[in-house]
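Visitor: Structure supplied as query_36.pdb; contents: PDB, C-alpha atoms.
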```pdb
MODEL        1
ATOM      1  CA  MET A1470     -13.921   6.777   2.429
ATOM      2  CA  SER A1471     -14.173   6.074   6.153
ATOM      3  CA  ASN A1472     -12.506   7.512   9.268
ATOM      4  CA  VAL A1473     -10.984  10.973   9.474
ATOM      5  CA  GLY A1474      -7.303  11.337  10.294
ATOM      6  CA  PHE A1475      -4.046  13.001   9.302
ATOM      7  CA  ILE A1476      -1.655  12.189   6.466
ATOM      8  CA  TYR A1477       1.909  13.416   6.827
ATOM      9  CA  GLY A1478       4.637  14.202   4.324
ATOM     10  CA  LEU A1479       4.866  16.375   1.241
ATOM     11  CA  HIS A1480       4.386  13.660  -1.377
ATOM     12  CA  PRO A1481       1.486  11.849   0.383
ATOM     13  CA  VAL A1482      -0.271  15.201   0.875
ATOM     14  CA  ARG A1483       0.247  16.127  -2.778
ATOM     15  CA  THR A1484      -1.129  12.749  -3.817
ATOM     16  CA  ILE A1485      -4.341  12.946  -1.818
ATOM     17  CA  VAL A1486      -4.961  16.565  -2.863
ATOM     18  CA  THR A1487      -4.507  15.452  -6.485
ATOM     19  CA  LYS A1488      -6.427  12.158  -6.347
ATOM     20  CA  CYS A1489      -9.148  12.834  -3.768
ATOM     21  CA  PRO A1490      -9.463  16.580  -3.142
ATOM     22  CA  GLY A1491     -13.069  16.222  -2.040
ATOM     23  CA  ASP A1492     -11.955  14.064   0.888
ATOM     24  CA  VAL A1493      -9.413  16.571   2.202
ATOM     25  CA  THR A1494     -10.791  18.760   4.986
ATOM     26  CA  GLN A1495      -7.734  20.985   5.273
ATOM     27  CA  ILE A1496      -3.989  21.017   4.693
ATOM     28  CA  TYR A1497      -1.384  22.642   6.907
ATOM     29  CA  VAL A1498       2.024  23.771   5.641
ATOM     30  CA  ASP A1499       5.134  25.122   7.305
ATOM     31  CA  ARG A1500       5.341  28.911   7.072
ATOM     32  CA  GLU A1501       9.120  28.749   6.665
ATOM     33  CA  ARG A1502       8.897  26.540   3.584
ATOM     34  CA  ILE A1503       6.149  28.145   1.512
ATOM     35  CA  LYS A1504       8.635  29.781  -0.869
ATOM     36  CA  GLN A1505      10.292  26.471  -1.710
ATOM     37  CA  THR A1506       9.405  25.237  -5.192
ATOM     38  CA  ARG A1507       7.611  22.076  -4.109
ATOM     39  CA  PHE A1508       5.528  23.980  -1.567
ATOM     40  CA  VAL A1509       4.639  26.673  -4.104
ATOM     41  CA  GLU A1510       3.368  23.844  -6.314
ATOM     42  CA  LEU A1511       1.389  22.335  -3.416
ATOM     43  CA  LEU A1512      -0.236  25.671  -2.592
ATOM     44  CA  ALA A1513      -1.212  26.136  -6.243
ATOM     45  CA  LEU A1514      -2.610  22.602  -6.327
ATOM     46  CA  ALA A1515      -4.686  23.257  -3.208
ATOM     47  CA  LYS A1516      -6.061  26.460  -4.717
ATOM     48  CA  THR A1517      -6.935  24.730  -7.994
ATOM     49  CA  ASN A1518      -8.760  21.939  -6.162
ATOM     50  CA  LYS A1519     -10.412  24.345  -3.682
ATOM     51  CA  VAL A1520      -8.838  22.680  -0.656
ATOM     52  CA  LYS A1521      -8.714  24.766   2.513
ATOM     53  CA  LEU A1522      -5.122  25.710   3.348
ATOM     54  CA  GLU A1523      -3.557  26.984   6.557
ATOM     55  CA  VAL A1524      -0.006  28.303   6.756
ATOM     56  CA  CYS A1525       1.321  27.798  10.273
ATOM     57  CA  ASP A1526       4.495  27.535  12.324
ATOM     58  CA  LYS A1527       6.386  24.403  13.264
ATOM     59  CA  ALA A1528       4.890  24.282  16.754
ATOM     60  CA  GLU A1529       1.356  24.011  15.399
ATOM     61  CA  LEU A1530       2.387  21.371  12.872
ATOM     62  CA  SER A1531       3.967  19.384  15.697
ATOM     63  CA  ARG A1532       0.749  19.575  17.694
ATOM     64  CA  HIS A1533      -1.019  17.792  14.840
ATOM     65  CA  ALA A1534       1.782  15.361  13.998
ATOM     66  CA  GLY A1535       3.289  14.523  17.371
ATOM     67  CA  ASP A1536       6.583  12.718  16.826
ATOM     68  CA  VAL A1537       5.874  11.926  13.153
ATOM     69  CA  ARG A1538       8.248  13.499  10.600
ATOM     70  CA  HIS A1539       5.787  15.606   8.619
ATOM     71  CA  GLN A1540       8.216  17.344   6.206
ATOM     72  CA  GLY A1541       6.260  20.571   6.640
ATOM     73  CA  ALA A1542       2.978  19.299   5.176
ATOM     74  CA  ILE A1543      -0.055  17.684   6.822
ATOM     75  CA  ALA A1544      -3.497  16.881   5.434
ATOM     76  CA  LYS A1545      -6.617  16.287   7.520
ATOM     77  CA  CYS A1546      -8.779  13.965   5.446
ATOM     78  CA  ARG A1547     -11.071  10.984   5.287
ATOM     79  CA  PHE A1548      -8.972   7.841   4.911
ATOM     80  CA  PRO A1549      -9.825   5.451   2.100
ATOM     81  CA  SER A1550     -11.422   2.256   3.328
ATOM     82  CA  GLN A1551     -10.032  -1.162   2.548
ATOM     83  CA  LYS A1552     -11.647  -2.806  -0.472
ATOM     84  CA  SER A1553     -13.799  -5.931  -0.119
ATOM     85  CA  GLU A1554     -14.221  -9.281  -1.906
ATOM     86  CA  ASN A1555     -16.809  -7.658  -4.182
ATOM     87  CA  ASP A1556     -14.252  -5.045  -5.212
ATOM     88  CA  LEU A1557     -11.764  -7.818  -5.979
ATOM     89  CA  ILE A1558     -14.245  -9.578  -8.252
ATOM     90  CA  SER A1559     -14.787  -6.302 -10.085
ATOM     91  CA  ILE A1560     -11.021  -5.902 -10.524
ATOM     92  CA  LEU A1561     -10.693  -9.468 -11.822
ATOM     93  CA  GLU A1562     -13.585  -9.154 -14.255
ATOM     94  CA  ASN A1563     -12.695  -5.747 -15.667
ATOM     95  CA  SER A1564      -8.996  -6.206 -16.340
ATOM     96  CA  ASN A1565      -8.039  -6.094 -20.026
ATOM     97  CA  ARG A1566      -4.480  -7.351 -19.583
ATOM     98  CA  GLU A1567      -2.464 -10.026 -17.821
ATOM     99  CA  MET A1568      -2.791  -9.239 -14.143
ATOM    100  CA  LEU A1569      -0.205  -9.017 -11.391
ATOM    101  CA  ILE A1570      -1.533  -9.325  -7.837
ATOM    102  CA  LEU A1571       0.349  -9.286  -4.541
ATOM    103  CA  VAL A1572      -0.991 -11.227  -1.533
ATOM    104  CA  LEU A1573       0.357 -10.460   1.947
ATOM    105  CA  ASP A1574      -0.462 -13.263   4.376
ATOM    106  CA  GLN A1575      -0.788 -11.618   7.813
ATOM    107  CA  VAL A1576       1.756  -8.819   7.376
ATOM    108  CA  GLN A1577       1.092  -6.725  10.476
ATOM    109  CA  ASP A1578       3.736  -3.997  10.519
ATOM    110  CA  PRO A1579       2.361  -0.775   8.944
ATOM    111  CA  HIS A1580       5.849   0.181   7.769
ATOM    112  CA  ASN A1581       6.113  -3.108   5.875
ATOM    113  CA  LEU A1582       2.630  -2.672   4.397
ATOM    114  CA  GLY A1583       3.463   0.865   3.273
ATOM    115  CA  ALA A1584       6.719  -0.251   1.654
ATOM    116  CA  CYS A1585       4.952  -3.164  -0.085
ATOM    117  CA  LEU A1586       2.294  -0.805  -1.466
ATOM    118  CA  ARG A1587       4.998   1.526  -2.768
ATOM    119  CA  SER A1588       6.748  -1.338  -4.567
ATOM    120  CA  ALA A1589       3.393  -2.596  -5.856
ATOM    121  CA  ASP A1590       2.633   0.806  -7.340
ATOM    122  CA  ALA A1591       6.045   0.974  -9.014
ATOM    123  CA  CYS A1592       5.543  -2.481 -10.571
ATOM    124  CA  GLY A1593       2.010  -1.891 -11.834
ATOM    125  CA  VAL A1594       0.358  -4.342  -9.439
ATOM    126  CA  ASP A1595      -3.421  -4.419  -9.926
ATOM    127  CA  CYS A1596      -4.202  -4.828  -6.232
ATOM    128  CA  VAL A1597      -2.744  -5.962  -2.917
ATOM    129  CA  ILE A1598      -4.728  -8.543  -0.931
ATOM    130  CA  ALA A1599      -4.537  -9.352   2.783
ATOM    131  CA  PRO A1600      -6.724 -11.148   5.326
ATOM    132  CA  LYS A1601      -8.943  -9.049   7.578
ATOM    133  CA  ASP A1602      -7.477 -10.682  10.695
ATOM    134  CA  ARG A1603      -3.899 -10.145  11.855
ATOM    135  CA  SER A1604      -3.016  -7.743   9.050
ATOM    136  CA  ALA A1605      -2.127  -4.056   9.030
ATOM    137  CA  SER A1606      -4.851  -1.606   8.049
ATOM    138  CA  LEU A1607      -4.484   1.679   6.196
ATOM    139  CA  THR A1608      -3.128   4.221   8.680
ATOM    140  CA  ALA A1609      -1.226   7.498   8.584
ATOM    141  CA  THR A1610       2.019   5.521   8.893
ATOM    142  CA  VAL A1611       1.092   3.373   5.889
ATOM    143  CA  PHE A1612       0.322   6.493   3.824
ATOM    144  CA  LYS A1613       3.619   8.097   4.802
ATOM    145  CA  VAL A1614       5.775   5.038   4.082
ATOM    146  CA  SER A1615       3.924   4.232   0.840
ATOM    147  CA  SER A1616       4.658   7.753  -0.433
ATOM    148  CA  GLY A1617       1.034   8.053  -1.555
ATOM    149  CA  ALA A1618       0.744   4.570  -3.100
ATOM    150  CA  ALA A1619      -1.956   3.671  -0.556
ATOM    151  CA  LEU A1620      -4.211   5.911  -2.657
ATOM    152  CA  THR A1621      -3.265   4.429  -6.024
ATOM    153  CA  VAL A1622      -3.104   0.669  -5.376
ATOM    154  CA  PRO A1623      -6.353  -0.994  -4.201
ATOM    155  CA  TYR A1624      -5.861  -2.693  -0.824
ATOM    156  CA  VAL A1625      -8.341  -5.556  -0.547
ATOM    157  CA  GLN A1626      -8.970  -7.259   2.780
ATOM    158  CA  VAL A1627     -10.710 -10.629   2.587
ATOM    159  CA  THR A1628     -12.185 -13.046   5.097
ATOM    160  CA  ASN A1629     -10.457 -16.184   3.804
ATOM    161  CA  ILE A1630      -7.148 -16.072   1.912
ATOM    162  CA  ALA A1631      -7.267 -19.725   0.806
ATOM    163  CA  ARG A1632     -10.719 -19.269  -0.707
ATOM    164  CA  THR A1633      -9.596 -16.062  -2.405
ATOM    165  CA  LEU A1634      -6.587 -17.832  -3.937
ATOM    166  CA  ARG A1635      -8.894 -20.517  -5.335
ATOM    167  CA  LEU A1636     -11.088 -17.776  -6.807
ATOM    168  CA  MET A1637      -8.127 -16.179  -8.561
ATOM    169  CA  ARG A1638      -7.060 -19.548  -9.952
ATOM    170  CA  GLU A1639     -10.537 -19.796 -11.521
ATOM    171  CA  TYR A1640      -9.756 -16.534 -13.337
ATOM    172  CA  GLY A1641      -6.682 -18.153 -14.873
ATOM    173  CA  LEU A1642      -4.022 -16.641 -12.616
ATOM    174  CA  GLN A1643      -1.024 -18.723 -11.570
ATOM    175  CA  LEU A1644      -0.358 -18.763  -7.820
ATOM    176  CA  ILE A1645       3.269 -18.414  -6.730
ATOM    177  CA  GLY A1646       4.125 -18.567  -3.039
ATOM    178  CA  THR A1647       7.437 -17.628  -1.459
ATOM    179  CA  SER A1648       9.200 -20.006   0.905
ATOM    180  CA  ASP A1649      12.703 -20.574   2.250
ATOM    181  CA  ALA A1650      11.946 -24.307   2.281
ATOM    182  CA  THR A1651      12.325 -24.650  -1.499
ATOM    183  CA  THR A1652      15.283 -24.482  -3.855
ATOM    184  CA  HIS A1653      13.239 -23.271  -6.823
ATOM    185  CA  SER A1654      14.020 -19.704  -7.865
ATOM    186  CA  LEU A1655      11.410 -17.085  -8.702
ATOM    187  CA  PHE A1656      13.448 -16.308 -11.811
ATOM    188  CA  GLU A1657      12.792 -19.791 -13.196
ATOM    189  CA  MET A1658       9.078 -19.012 -13.449
ATOM    190  CA  ASP A1659       7.188 -17.806 -16.517
ATOM    191  CA  LEU A1660       5.994 -14.388 -15.359
ATOM    192  CA  THR A1661       4.562 -13.284 -18.703
ATOM    193  CA  LYS A1662       1.097 -14.569 -17.786
ATOM    194  CA  GLY A1663      -1.343 -13.495 -15.102
ATOM    195  CA  THR A1664       0.348 -14.030 -11.743
ATOM    196  CA  VAL A1665      -0.396 -13.862  -8.036
ATOM    197  CA  ILE A1666       2.668 -13.620  -5.782
ATOM    198  CA  VAL A1667       2.127 -14.529  -2.120
ATOM    199  CA  LEU A1668       4.402 -13.279   0.644
ATOM    200  CA  GLY A1669       4.177 -14.450   4.237
ATOM    201  CA  ALA A1670       4.249 -12.675   7.584
ATOM    202  CA  GLU A1671       7.350 -10.979   8.949
ATOM    203  CA  ALA A1672       8.504 -13.808  11.216
ATOM    204  CA  THR A1673       6.527 -16.923  10.323
ATOM    205  CA  GLY A1674       6.089 -16.778   6.538
ATOM    206  CA  MET A1675       2.990 -18.117   4.814
ATOM    207  CA  ARG A1676       0.520 -20.186   6.771
ATOM    208  CA  ARG A1677       0.219 -23.859   5.881
ATOM    209  CA  LEU A1678      -3.243 -23.553   4.303
ATOM    210  CA  THR A1679      -2.084 -20.584   2.229
ATOM    211  CA  ALA A1680       0.989 -22.439   0.973
ATOM    212  CA  ALA A1681      -1.159 -25.467   0.099
ATOM    213  CA  GLU A1682      -3.169 -23.383  -2.388
ATOM    214  CA  CYS A1683      -0.067 -22.174  -4.257
ATOM    215  CA  GLU A1684       0.816 -24.007  -7.464
ATOM    216  CA  HIS A1685       4.493 -23.123  -7.133
ATOM    217  CA  LEU A1686       6.728 -22.364  -4.167
ATOM    218  CA  VAL A1687       9.822 -20.302  -4.916
ATOM    219  CA  GLN A1688      12.486 -18.247  -3.216
ATOM    220  CA  LEU A1689      14.540 -15.219  -4.139
ATOM    221  CA  PRO A1690      18.140 -16.418  -4.619
ATOM    222  CA  ARG A1691      20.576 -14.749  -2.225
ATOM    223  CA  GLN A1692      24.316 -14.405  -2.733
ATOM    224  CA  GLY A1693      25.319 -13.271   0.740
ATOM    225  CA  GLY A1694      25.052 -14.759   4.192
ATOM    226  CA  VAL A1695      21.655 -13.465   5.346
ATOM    227  CA  GLU A1696      19.140 -16.212   6.035
ATOM    228  CA  SER A1697      16.058 -14.296   4.925
ATOM    229  CA  LEU A1698      14.762 -10.978   3.604
ATOM    230  CA  ASN A1699      12.375  -8.555   5.276
ATOM    231  CA  VAL A1700       8.953  -8.968   3.664
ATOM    232  CA  SER A1701       8.943  -5.451   2.210
ATOM    233  CA  VAL A1702      12.453  -5.945   0.770
ATOM    234  CA  ALA A1703      11.321  -9.212  -0.764
ATOM    235  CA  ALA A1704       8.301  -7.426  -2.275
TER
ENDMDL
END
```
Would you give me this structure, written as structure tokens?
Guide:
Amino acid sequence: MSNVGFIYGLHPVRTIVTKCPGDVTQIYVDRERIKQTRFVELLALAKTNKVKLEVCDKAELSRHAGDVRHQGAIAKCRFPSQKSENDLISILENSNREMLILVLDQVQDPHNLGACLRSADACGVDCVIAPKDRSASLTATVFKVSSGAALTVPYVQVTNIARTLRLMREYGLQLIGTSDATTHSLFEMDLTKGTVIVLGAEATGMRRLTAAECEHLVQLPRQGGVESLNVSVAA
């Protein structure tokens, strides 16, 4: 864990109290909501995990959260740090099944990162990889949008995406990049084996060197008139 900050929202707070109670300094809950079922469960969870709890009014919650929609629950905690290349190697070497990895090439919007992490968690992705430069980091916004998935899916930031893709190919993973410049559909691919799916930045897509490392370039077929999908929708 690294820097201390706030996580907002009932589900993200429940997740960090459940997964990492030792890293939670204190949680704050809305006095007007403490009799609601989900808040009763949160209070019991905090007591079980010996997490300091403060019941307060909306004004105090707003002082901590500012303009963020906190849903009546805030946690002050140490944020998890991004994983490193060494962590990725450990993930690759210790997997006992066909892996699914998501690579985000310079996705900078924290809302998009949070949504991608949430989808990754739902699909059983082993980790999400991004470059250290020009990529979103784990923030309170990412935790809120990911609905707690930022705590359950390893987020690995690497120095060189192209080199990392070559490393994963050495572990037998197929590399599939997404591009609007191809007519090949993702659904034509054999996805029963270990797979890395690469998505590009919000406006520019994958960088040239990243695309060059991919064995296959595919697109998601679209039936309507939109020219492209938001990166988190595509994820």
Visitor: Would you give me, as a tab-separated table, each residue of range 1634-1655 of chain A having an atom within 12 Å of an atom of range 1623-1630 of chain A, along with its shortest atom pair and that distance in Å to one decimal, using only C-alpha atoms and sorting by chain and residue number?
Guide:
```
residue	atom	partner	partner_atom	distance
A:Leu1634	CA	A:Ile1630	CA	6.1
A:Arg1635	CA	A:Ile1630	CA	8.7
A:Leu1636	CA	A:Ile1630	CA	9.7
A:Met1637	CA	A:Ile1630	CA	10.5
```
Visitor: Evaluated on this file, the PyMOL selection byres ((chain A and resi 1478) around 12) picks out some residues - which ones are they, written as a PyMOL selection string?
Guide: chain A and resi 1475-1477+1479-1485+1496-1499+1507-1508+1511+1530+1534+1537-1545+1609-1617
Visitor: Would you write out, as number ranges by chain, every residue that the PyMOL selection byres ((chain A and resi 1644-1650) around 9) captures in this file?
Guide: A: 1634, 1637-1638, 1642-1643, 1651-1652, 1655, 1658, 1664-1669, 1674-1675, 1679-1680, 1682-1689, 1696-1697
Visitor: Name the closest residue to Leu1582 in chain A among the candidates A:Arg1632, A:Leu1557, A:Val1520, A:Ala1618; distances are taken between atoms, counting all atoms listed in the file.
Guide: A:Ala1618
Visitor: Using the chain letters and numbers from the file, which residues does the PyMOL selection byres ((chain A and resi 1600) around 10) grab, as a PyMOL selection string?
Guide: chain A and resi 1572-1576+1598-1599+1601-1605+1625-1631+1633
Visitor: Calculated over only C-alpha atoms, which of the candidates A:Ile1558, A:Cys1489, A:Val1622, A:Val1509 has the smallest distance to Ala1591 in chain A?
Guide: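 Looking at the shortest contact to Ala1591 in chain A, the residue is A:Val1622.
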Visitor: Any idea what the distance is between CA of Ser1606 in chain A and CA of Lys1552 in chain A?
Guide: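 Between CA of Ser1606 in chain A and CA of Lys1552 in chain A the gap is 11.0 Å.
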Visitor: Could you give me the centre and size, in Å to one decimal, of an axis-aligned box around all listed atoms of range 1575-1588 of chain A with 6 Å added on every side, as lines of an AutoDock Vina configuration file?
Guide:
```
center_x = 3.0
center_y = -5.0
center_z = 3.0
size_x = 19.5
size_y = 25.1
size_z = 27.1
```
Visitor: Smallest atom-to-atom distance to Cys1525 in chain A: which of A:Arg1500, A:Arg1691, A:Lys1488, A:Arg1677, using only C-alpha atoms?
Guide: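 Looking at the shortest contact to Cys1525 in chain A, the residue is A:Arg1500.
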Visitor: With distances taken over all atoms listed in the file, which of A:Val1486, A:Leu1620, A:Val1695, A:Ile1503 is nearest to Lys1516 in chain A?
Guide: A:Val1486
Visitor: Quick check, in Å to one decimal: how far apart do CA of Ala1670 in chain A and CA of Phe1548 in chain A lie?
Guide: 24.6 Å
Visitor: So the first atom is CA of Lys1521 in chain A and the second is CA of Val1493 in chain A; what is the distance between them in Å, to one decimal place?
Guide: 8.2 Å
